[in-house]
file work.cif (mmCIF, C-alpha atoms)
data_work
loop_
_atom_site.label_atom_id
_atom_site.label_comp_id
_atom_site.auth_asym_id
_atom_site.auth_seq_id
_atom_site.Cartn_x
_atom_site.Cartn_y
_atom_site.Cartn_z
CA MET M 1202 -46.42 12.98 30.40
CA THR M 1203 -48.69 12.82 27.39
CA LEU M 1204 -48.06 14.23 23.94
CA HIS M 1205 -51.17 15.25 22.03
CA ARG M 1206 -50.28 15.22 18.36
CA GLU M 1207 -52.16 15.66 15.13
CA ILE M 1208 -51.11 16.42 11.56
CA VAL M 1209 -53.00 19.41 10.19
CA ARG M 1210 -52.36 19.86 6.44
CA HIS M 1211 -48.65 20.73 6.26
CA ALA M 1212 -48.09 21.42 9.98
CA ALA M 1213 -47.23 18.90 12.67
CA ILE M 1214 -48.92 20.12 15.85
CA GLY M 1215 -48.19 18.74 19.30
CA VAL M 1216 -48.65 19.79 22.88
CA GLY M 1217 -46.73 17.99 25.61
CA VAL M 1218 -48.60 17.94 28.92
CA GLY M 1219 -47.41 16.63 32.27
CA THR M 1220 -47.68 17.12 36.02
CA THR M 1221 -43.93 17.35 36.76
CA PRO M 1222 -41.29 19.90 35.70
CA LYS M 1223 -39.93 17.35 33.18
CA ALA M 1224 -42.99 18.04 31.05
CA LEU M 1225 -41.41 21.29 29.87
CA SER M 1226 -38.49 19.44 28.28
CA SER M 1227 -40.84 17.88 25.73
CA ILE M 1228 -40.66 21.16 23.79
CA SER M 1229 -37.43 19.79 22.29
CA LYS M 1230 -39.16 16.76 20.80
CA PRO M 1231 -39.90 16.80 17.05
CA GLY M 1232 -43.34 18.19 16.27
CA CYS M 1233 -43.97 19.50 19.79
CA ALA M 1234 -45.24 23.09 19.47
CA ALA M 1235 -45.76 23.66 23.19
CA ALA M 1236 -45.13 22.02 26.54
CA ILE M 1237 -47.29 22.52 29.63
CA TRP M 1238 -46.46 21.74 33.24
CA GLU M 1239 -49.86 21.44 34.86
CA ARG M 1240 -49.91 22.19 38.58
CA GLN M 1241 -52.37 23.33 41.22
CA PRO M 1242 -51.38 26.42 43.24
CA LEU M 1243 -51.65 26.20 47.01
CA GLU M 1244 -54.98 27.64 48.12
CA SER M 1245 -53.28 29.91 50.64
CA PHE M 1246 -50.95 31.34 47.98
CA GLN M 1247 -53.73 31.89 45.46
CA ALA M 1248 -55.97 33.56 48.02
CA TRP M 1249 -53.11 35.89 49.00
CA ILE M 1250 -52.13 36.97 45.50
CA ASP M 1251 -55.74 37.34 44.36
CA ALA M 1252 -56.48 39.65 47.29
CA LEU M 1253 -53.61 42.08 46.60
CA LYS M 1254 -54.34 45.48 45.14
CA PRO M 1255 -53.25 45.73 41.48
CA GLU M 1256 -50.86 48.56 42.35
CA ASP M 1257 -49.04 46.24 44.78
CA LEU M 1258 -48.21 43.70 42.07
CA PRO M 1259 -44.64 43.76 40.67
CA ARG M 1260 -44.00 45.00 37.14
CA ALA M 1261 -40.75 44.48 35.24
CA ARG M 1262 -39.02 44.18 31.89
CA ILE M 1263 -35.35 43.35 32.38
CA ILE M 1264 -32.53 41.33 30.81
CA LEU M 1265 -30.36 39.37 33.20
CA LYS M 1266 -28.47 36.16 33.73
CA PRO M 1267 -30.60 33.28 35.05
CA GLU M 1268 -28.70 33.10 38.34
CA MET M 1269 -29.64 36.73 39.07
CA VAL M 1270 -33.40 36.18 38.84
CA HIS M 1271 -33.91 35.39 42.54
CA LYS M 1272 -32.24 38.60 43.70
CA ALA M 1273 -33.99 40.65 41.03
CA MET M 1274 -37.36 39.25 42.07
CA THR M 1275 -36.63 39.98 45.73
CA ASP M 1276 -35.93 43.59 44.82
CA LEU M 1277 -39.01 43.82 42.60
CA VAL M 1278 -41.51 42.58 45.18
CA GLU M 1279 -40.05 44.90 47.80
CA ALA M 1280 -40.17 47.88 45.43
CA ALA M 1281 -43.80 47.05 44.56
CA GLY M 1282 -44.75 47.11 48.23
CA MET M 1283 -45.90 43.52 48.40
CA PRO M 1284 -46.32 42.60 52.10
CA ALA M 1285 -43.55 40.41 53.47
CA CYS M 1286 -44.88 36.91 54.14
CA ALA M 1287 -44.39 33.28 53.27
CA ALA M 1288 -46.48 33.65 50.11
CA ARG M 1289 -44.23 36.45 48.83
CA VAL M 1290 -41.18 34.24 49.37
CA MET M 1291 -43.01 31.50 47.48
CA LEU M 1292 -43.58 33.80 44.51
CA VAL M 1293 -39.92 34.86 44.40
CA ASP M 1294 -38.72 31.26 44.67
CA ASP M 1295 -41.13 30.07 42.01
CA VAL M 1296 -40.13 32.69 39.43
CA ALA M 1297 -36.48 31.80 40.04
CA ALA M 1298 -37.32 28.13 39.60
CA MET M 1299 -39.11 28.88 36.32
CA ALA M 1300 -36.00 30.70 35.11
CA ASP M 1301 -33.80 27.71 36.02
CA LEU M 1302 -36.10 25.27 34.23
CA PHE M 1303 -36.40 27.44 31.15
CA THR M 1304 -32.64 27.93 30.97
CA GLY M 1305 -32.11 24.20 31.30
CA VAL M 1306 -34.38 23.55 28.33
CA LEU M 1307 -33.23 26.41 26.09
CA ASP M 1308 -29.58 26.67 27.21
CA SER M 1309 -29.63 30.48 27.09
CA PRO M 1310 -26.97 32.67 28.74
CA TYR M 1311 -29.46 35.51 29.38
CA LEU M 1312 -33.20 35.88 29.90
CA ARG M 1313 -35.63 38.65 29.20
CA LEU M 1314 -37.94 38.67 32.22
CA ARG M 1315 -41.30 40.40 32.09
CA LEU M 1316 -43.89 40.70 34.79
CA ASP M 1317 -47.07 42.09 33.29
CA VAL M 1318 -50.02 43.38 35.30
CA ILE M 1319 -52.95 43.24 32.89
CA SER M 1320 -56.50 44.48 33.26
CA THR M 1321 -57.31 45.17 29.59
CA ASP M 1322 -57.51 43.14 26.39
CA ALA M 1323 -53.74 43.14 25.83
CA CYS M 1324 -52.59 40.94 22.92
CA ARG M 1325 -56.18 39.93 22.24
CA LYS M 1326 -55.45 38.59 18.75
CA PHE M 1327 -54.16 35.07 18.26
CA HIS M 1328 -50.54 35.07 17.11
CA ILE M 1329 -47.18 33.33 17.22
CA ASP M 1330 -44.16 35.17 18.63
CA ALA M 1331 -41.17 36.10 16.45
CA ILE M 1332 -38.71 34.50 18.88
CA ARG M 1333 -37.18 31.06 19.43
CA ALA M 1334 -39.37 30.14 22.39
CA ARG M 1335 -41.23 31.69 25.31
CA LEU M 1336 -42.33 30.61 28.78
CA ILE M 1337 -45.57 32.01 30.16
CA CYS M 1338 -46.97 31.46 33.65
CA THR M 1339 -50.05 33.28 34.94
CA TYR M 1340 -49.95 33.65 38.72
CA ARG M 1341 -53.18 35.60 39.00
CA GLY M 1342 -56.22 35.68 36.74
CA SER M 1343 -57.11 33.74 33.61
CA GLY M 1344 -54.37 31.78 31.88
CA THR M 1345 -53.08 32.14 28.33
CA GLN M 1346 -55.39 30.86 25.59
CA TYR M 1347 -54.12 28.77 22.68
CA GLY M 1348 -55.30 26.68 19.78
CA ILE M 1349 -54.44 25.18 16.42
CA SER M 1350 -54.76 27.18 13.22
CA THR M 1351 -54.24 25.87 9.69
CA ASP M 1352 -54.51 29.21 7.91
CA GLY M 1353 -53.31 31.85 10.39
CA HIS M 1354 -56.82 32.80 11.46
CA ALA M 1355 -58.20 32.38 14.99
CA PRO M 1356 -58.42 28.72 16.05
CA ARG M 1357 -61.83 27.07 16.05
CA SER M 1358 -61.09 25.29 19.32
CA VAL M 1359 -59.55 27.37 22.10
CA PHE M 1360 -57.91 26.02 25.25
CA ALA M 1361 -56.60 27.80 28.34
CA VAL M 1362 -53.48 27.11 30.38
CA PRO M 1363 -54.59 26.70 34.01
CA THR M 1364 -53.65 29.48 36.42
CA GLY M 1365 -50.32 28.62 38.05
CA SER M 1366 -49.29 26.23 35.28
CA SER M 1367 -46.38 27.08 33.00
CA MET M 1368 -46.19 26.75 29.24
CA ILE M 1369 -43.24 26.89 26.85
CA MET M 1370 -44.21 27.67 23.26
CA ARG M 1371 -42.13 27.63 20.13
CA GLY M 1372 -41.85 30.85 18.15
CA THR M 1373 -41.23 31.46 14.46
CA LEU M 1374 -37.44 31.31 15.01
CA TRP M 1375 -37.50 27.77 16.32
CA PRO M 1376 -35.26 25.78 13.93
CA GLU M 1377 -37.68 23.12 12.75
CA THR M 1378 -39.75 22.48 9.65
CA PRO M 1379 -42.71 22.40 9.30
CA LYS M 1380 -43.39 25.40 11.50
CA SER M 1381 -45.83 25.25 14.39
CA GLY M 1382 -49.47 26.07 13.77
CA LEU M 1383 -50.10 26.77 17.44
CA LEU M 1384 -51.35 30.30 18.14
CA HIS M 1385 -51.94 31.99 21.49
CA ARG M 1386 -53.32 35.18 23.02
CA SER M 1387 -54.04 36.88 26.32
CA PRO M 1388 -57.64 36.17 27.35
CA PRO M 1389 -60.04 39.09 26.77
CA ILE M 1390 -60.88 40.56 30.20
CA GLU M 1391 -61.78 44.16 29.38
CA GLY M 1392 -64.58 45.40 31.66
CA THR M 1393 -64.60 42.31 33.90
CA GLY M 1394 -62.64 43.87 36.78
CA GLU M 1395 -60.08 41.08 36.55
CA THR M 1396 -56.37 41.81 36.97
CA ARG M 1397 -53.80 39.28 35.78
CA LEU M 1398 -50.18 38.84 36.86
CA VAL M 1399 -48.21 37.13 34.11
CA LEU M 1400 -44.59 36.00 34.01
CA VAL M 1401 -42.95 35.92 30.56
CA LEU M 1402 -39.45 34.57 29.94
CA ASP M 1403 -37.59 34.77 26.60
CA PRO M 1404 -34.13 33.39 25.78
CA VAL M 1405 -31.55 36.05 24.93
CA ASP M 1406 -28.10 35.40 23.47
CA GLU M 1407 -25.03 37.39 24.47
CA LEU M 1408 -24.99 39.70 21.43
CA GLU M 1409 -28.67 40.57 21.81
CA ALA M 1410 -28.22 41.18 25.53
CA GLU M 1411 -25.27 43.50 24.95
CA GLU M 1412 -27.18 45.45 22.31
CA GLU M 1413 -30.27 45.93 24.46
CA LEU M 1414 -28.25 46.84 27.53
CA ARG M 1415 -26.33 49.49 25.53
CA HIS M 1416 -29.65 50.90 24.32
CA ILE M 1417 -30.99 51.12 27.89
CA GLN M 1418 -27.87 52.91 29.09
#
call {"tool": "encode", "arguments": {"input": "work.cif", "output": "structure tokens"}}
result
Amino acid sequence: MTLHREIVRHAAIGVGVGTTPKALSSISKPGCAAAIWERQPLESFQAWIDALKPEDLPRARIILKPEMVHKAMTDLVEAAGMPACAARVMLVDDVAAMADLFTGVLDSPYLRLRLDVISTDACRKFHIDAIRARLICTYRGSGTQYGISTDGHAPRSVFAVPTGSSMIMRGTLWPETPKSGLLHRSPPIEGTGETRLVLVLDPVDELEAEEELRHIQ
């Protein structure tokens, strides 16, 4: 694993990058604003998910315990009408694995799981999330864009997380000073005909989970 680090004015900026799941644990290191697990999707899986109709892709926004993610994903892909095949099993297993890894790093009793199907310029402005940390993995389409900003404006140099790779980013609630200067956004795809499938995981404590679940009910 490599840690790219530079000091920009009053912000220590670092991105941990590796080709094994252990790369994601570097988010806990001082000055590490984001951690990326770079990986190459199987060609057969990527061809399958890219060929699906957008309406057959699963959509979700739920709060659940990490050990319930596999069952929830199984239900979601069935409800979406995704054809039963080895690639569908692979997607379910991978999302569950991402949840396990994220929970291991953040030690969170609950997760907020989102599956977003995006074909517009959603979240087109560079920003930092008002949370402790977030995992993002793009299974279909262009990956999340990110860069360093010293003044809150759009970064001069923009990078993209490869499709299929996962990234954990610190949010504004991460307990470390100085705060991260790493900003991110969804890539602008309006009018291109592209449809993205993006997994987003946020840590949720017990009190927050109870409050949101009461609101839903």
call {"tool": "resolve_selection", "arguments": {"input": "work.cif", "expression": "the PyMOL selection byres ((chain M and resi 1252-1267) around 7)", "output": "VMD selection string"}}
result
chain M and resid 1248 to 1251 1268 to 1270 1277 to 1278 1281 to 1283 1300 to 1301 1310 to 1318 1396 1410
call {"tool": "atom_distance", "arguments": {"input": "work.cif", "atom1": "CA of Asp1294 in chain M", "atom2": "CA of Ala1323 in chain M"}}
result
26.9 Å
call {"tool": "closest_residue", "arguments": {"input": "work.cif", "among": "M:Val1216, M:Ala1288, M:Leu1400, M:Met1274", "to": "Ile1319 in chain M", "atoms": "all atoms listed in the file"}}
result
M:Leu1400
call {"tool": "closest_residue", "arguments": {"input": "work.cif", "among": "M:Val1362, M:Met1370, M:Ile1237, M:Ala1297", "to": "Ile1332 in chain M", "atoms": "all atoms listed in the file"}}
result
M:Met1370
call {"tool": "closest_residue", "arguments": {"input": "work.cif", "among": "M:Gly1365, M:Gly1392, M:Pro1356, M:Gly1215", "to": "Lys1230 in chain M", "atoms": "all atoms listed in the file"}}
result
M:Gly1215
call {"tool": "resolve_selection", "arguments": {"input": "work.cif", "expression": "the PyMOL selection byres ((chain M and resi 1329) around 7)", "output": "MDAnalysis selection string"}}
result
chainID M and resid 1328 1330:1331 1372:1373 1384:1385
call {"tool": "atom_distance", "arguments": {"input": "work.cif", "atom1": "CA of His1354 in chain M", "atom2": "CA of Arg1386 in chain M"}}
result
12.3 Å
call {"tool": "atom_distance", "arguments": {"input": "work.cif", "atom1": "CA of Thr1275 in chain M", "atom2": "CA of Pro1404 in chain M"}}
result
21.2 Å
call {"tool": "resolve_selection", "arguments": {"input": "work.cif", "expression": "the PyMOL selection byres ((chain M and resi 1347) around 12)", "output": "JSON, numbers by chain"}}
result
{"M": [1216, 1234, 1235, 1236, 1237, 1325, 1326, 1327, 1328, 1329, 1337, 1344, 1345, 1346, 1348, 1349, 1350, 1355, 1356, 1357, 1358, 1359, 1360, 1361, 1362, 1363, 1368, 1369, 1370, 1382, 1383, 1384, 1385, 1386, 1387, 1388]}
call {"tool": "closest_residue", "arguments": {"input": "work.cif", "among": "M:Ala1285, M:Val1290, M:Ile1390, M:Ile1228", "to": "Ala1334 in chain M", "atoms": "all atoms listed in the file"}}
result
M:Ile1228
call {"tool": "closest_residue", "arguments": {"input": "work.cif", "among": "M:Arg1240, M:Arg1289, M:Arg1333, M:Lys1272", "to": "Thr1364 in chain M", "atoms": "only C-alpha atoms"}}
result
M:Arg1240
call {"tool": "closest_residue", "arguments": {"input": "work.cif", "among": "M:Val1218, M:Cys1286, M:Met1299, M:Cys1233", "to": "Trp1375 in chain M", "atoms": "all atoms listed in the file"}}
result
M:Cys1233
call {"tool": "axis_aligned_box", "arguments": {"input": "work.cif", "around": "range 1242-1249 of chain M", "padding_each_side": "3 Å", "output": "JSON"}}
result
{"center_x": -53.5, "center_y": 31.0, "center_z": 46.9, "size_x": 11.0, "size_y": 15.7, "size_z": 13.4}
call {"tool": "build_atoms", "arguments": {"input": "work.cif", "residues": "range 1333-1351 of chain M", "atoms": "N, CA and C atoms", "output": "PDB file, keeping the file's coordinate frame"}}
result
ATOM      1  N   ARG M1333     -37.437  32.509  19.456  1.00  0.00           N
ATOM      2  CA  ARG M1333     -37.180  31.060  19.430  1.00  0.00           C
ATOM      3  C   ARG M1333     -38.198  30.315  20.284  1.00  0.00           C
ATOM      4  N   ALA M1334     -38.418  30.783  21.492  1.00  0.00           N
ATOM      5  CA  ALA M1334     -39.370  30.140  22.390  1.00  0.00           C
ATOM      6  C   ALA M1334     -39.715  31.110  23.516  1.00  0.00           C
ATOM      7  N   ARG M1335     -40.789  30.820  24.221  1.00  0.00           N
ATOM      8  CA  ARG M1335     -41.230  31.690  25.310  1.00  0.00           C
ATOM      9  C   ARG M1335     -41.907  30.863  26.394  1.00  0.00           C
ATOM     10  N   LEU M1336     -41.615  31.208  27.645  1.00  0.00           N
ATOM     11  CA  LEU M1336     -42.330  30.610  28.780  1.00  0.00           C
ATOM     12  C   LEU M1336     -43.315  31.624  29.323  1.00  0.00           C
ATOM     13  N   ILE M1337     -44.536  31.165  29.580  1.00  0.00           N
ATOM     14  CA  ILE M1337     -45.570  32.010  30.160  1.00  0.00           C
ATOM     15  C   ILE M1337     -46.183  31.289  31.357  1.00  0.00           C
ATOM     16  N   CYS M1338     -46.304  31.996  32.456  1.00  0.00           N
ATOM     17  CA  CYS M1338     -46.970  31.460  33.650  1.00  0.00           C
ATOM     18  C   CYS M1338     -47.832  32.560  34.248  1.00  0.00           C
ATOM     19  N   THR M1339     -49.117  32.307  34.373  1.00  0.00           N
ATOM     20  CA  THR M1339     -50.050  33.280  34.940  1.00  0.00           C
ATOM     21  C   THR M1339     -50.263  32.957  36.417  1.00  0.00           C
ATOM     22  N   TYR M1340     -49.820  33.861  37.277  1.00  0.00           N
ATOM     23  CA  TYR M1340     -49.950  33.650  38.720  1.00  0.00           C
ATOM     24  C   TYR M1340     -51.289  34.132  39.266  1.00  0.00           C
ATOM     25  N   ARG M1341     -51.893  35.058  38.551  1.00  0.00           N
ATOM     26  CA  ARG M1341     -53.180  35.600  39.000  1.00  0.00           C
ATOM     27  C   ARG M1341     -54.047  35.870  37.782  1.00  0.00           C
ATOM     28  N   GLY M1342     -55.298  35.444  37.844  1.00  0.00           N
ATOM     29  CA  GLY M1342     -56.220  35.680  36.740  1.00  0.00           C
ATOM     30  C   GLY M1342     -56.249  34.528  35.749  1.00  0.00           C
ATOM     31  N   SER M1343     -56.923  34.758  34.641  1.00  0.00           N
ATOM     32  CA  SER M1343     -57.110  33.740  33.610  1.00  0.00           C
ATOM     33  C   SER M1343     -55.801  33.456  32.887  1.00  0.00           C
ATOM     34  N   GLY M1344     -55.587  32.187  32.554  1.00  0.00           N
ATOM     35  CA  GLY M1344     -54.370  31.780  31.880  1.00  0.00           C
ATOM     36  C   GLY M1344     -54.402  32.053  30.382  1.00  0.00           C
ATOM     37  N   THR M1345     -53.238  31.931  29.770  1.00  0.00           N
ATOM     38  CA  THR M1345     -53.080  32.140  28.330  1.00  0.00           C
ATOM     39  C   THR M1345     -53.958  31.182  27.538  1.00  0.00           C
ATOM     40  N   GLN M1346     -54.569  31.685  26.464  1.00  0.00           N
ATOM     41  CA  GLN M1346     -55.390  30.860  25.590  1.00  0.00           C
ATOM     42  C   GLN M1346     -54.584  30.450  24.361  1.00  0.00           C
ATOM     43  N   TYR M1347     -54.846  29.247  23.847  1.00  0.00           N
ATOM     44  CA  TYR M1347     -54.120  28.770  22.680  1.00  0.00           C
ATOM     45  C   TYR M1347     -54.984  27.814  21.876  1.00  0.00           C
ATOM     46  N   GLY M1348     -54.579  27.596  20.647  1.00  0.00           N
ATOM     47  CA  GLY M1348     -55.300  26.680  19.780  1.00  0.00           C
ATOM     48  C   GLY M1348     -54.563  26.461  18.484  1.00  0.00           C
ATOM     49  N   ILE M1349     -55.066  25.542  17.682  1.00  0.00           N
ATOM     50  CA  ILE M1349     -54.440  25.180  16.420  1.00  0.00           C
ATOM     51  C   ILE M1349     -55.096  25.941  15.279  1.00  0.00           C
ATOM     52  N   SER M1350     -54.261  26.479  14.400  1.00  0.00           N
ATOM     53  CA  SER M1350     -54.760  27.180  13.220  1.00  0.00           C
ATOM     54  C   SER M1350     -54.057  26.638  11.988  1.00  0.00           C
ATOM     55  N   THR M1351     -54.815  26.373  10.940  1.00  0.00           N
ATOM     56  CA  THR M1351     -54.240  25.870   9.690  1.00  0.00           C
ATOM     57  C   THR M1351     -54.026  26.960   8.659  1.00  0.00           C
TER      58      THR M1351
END
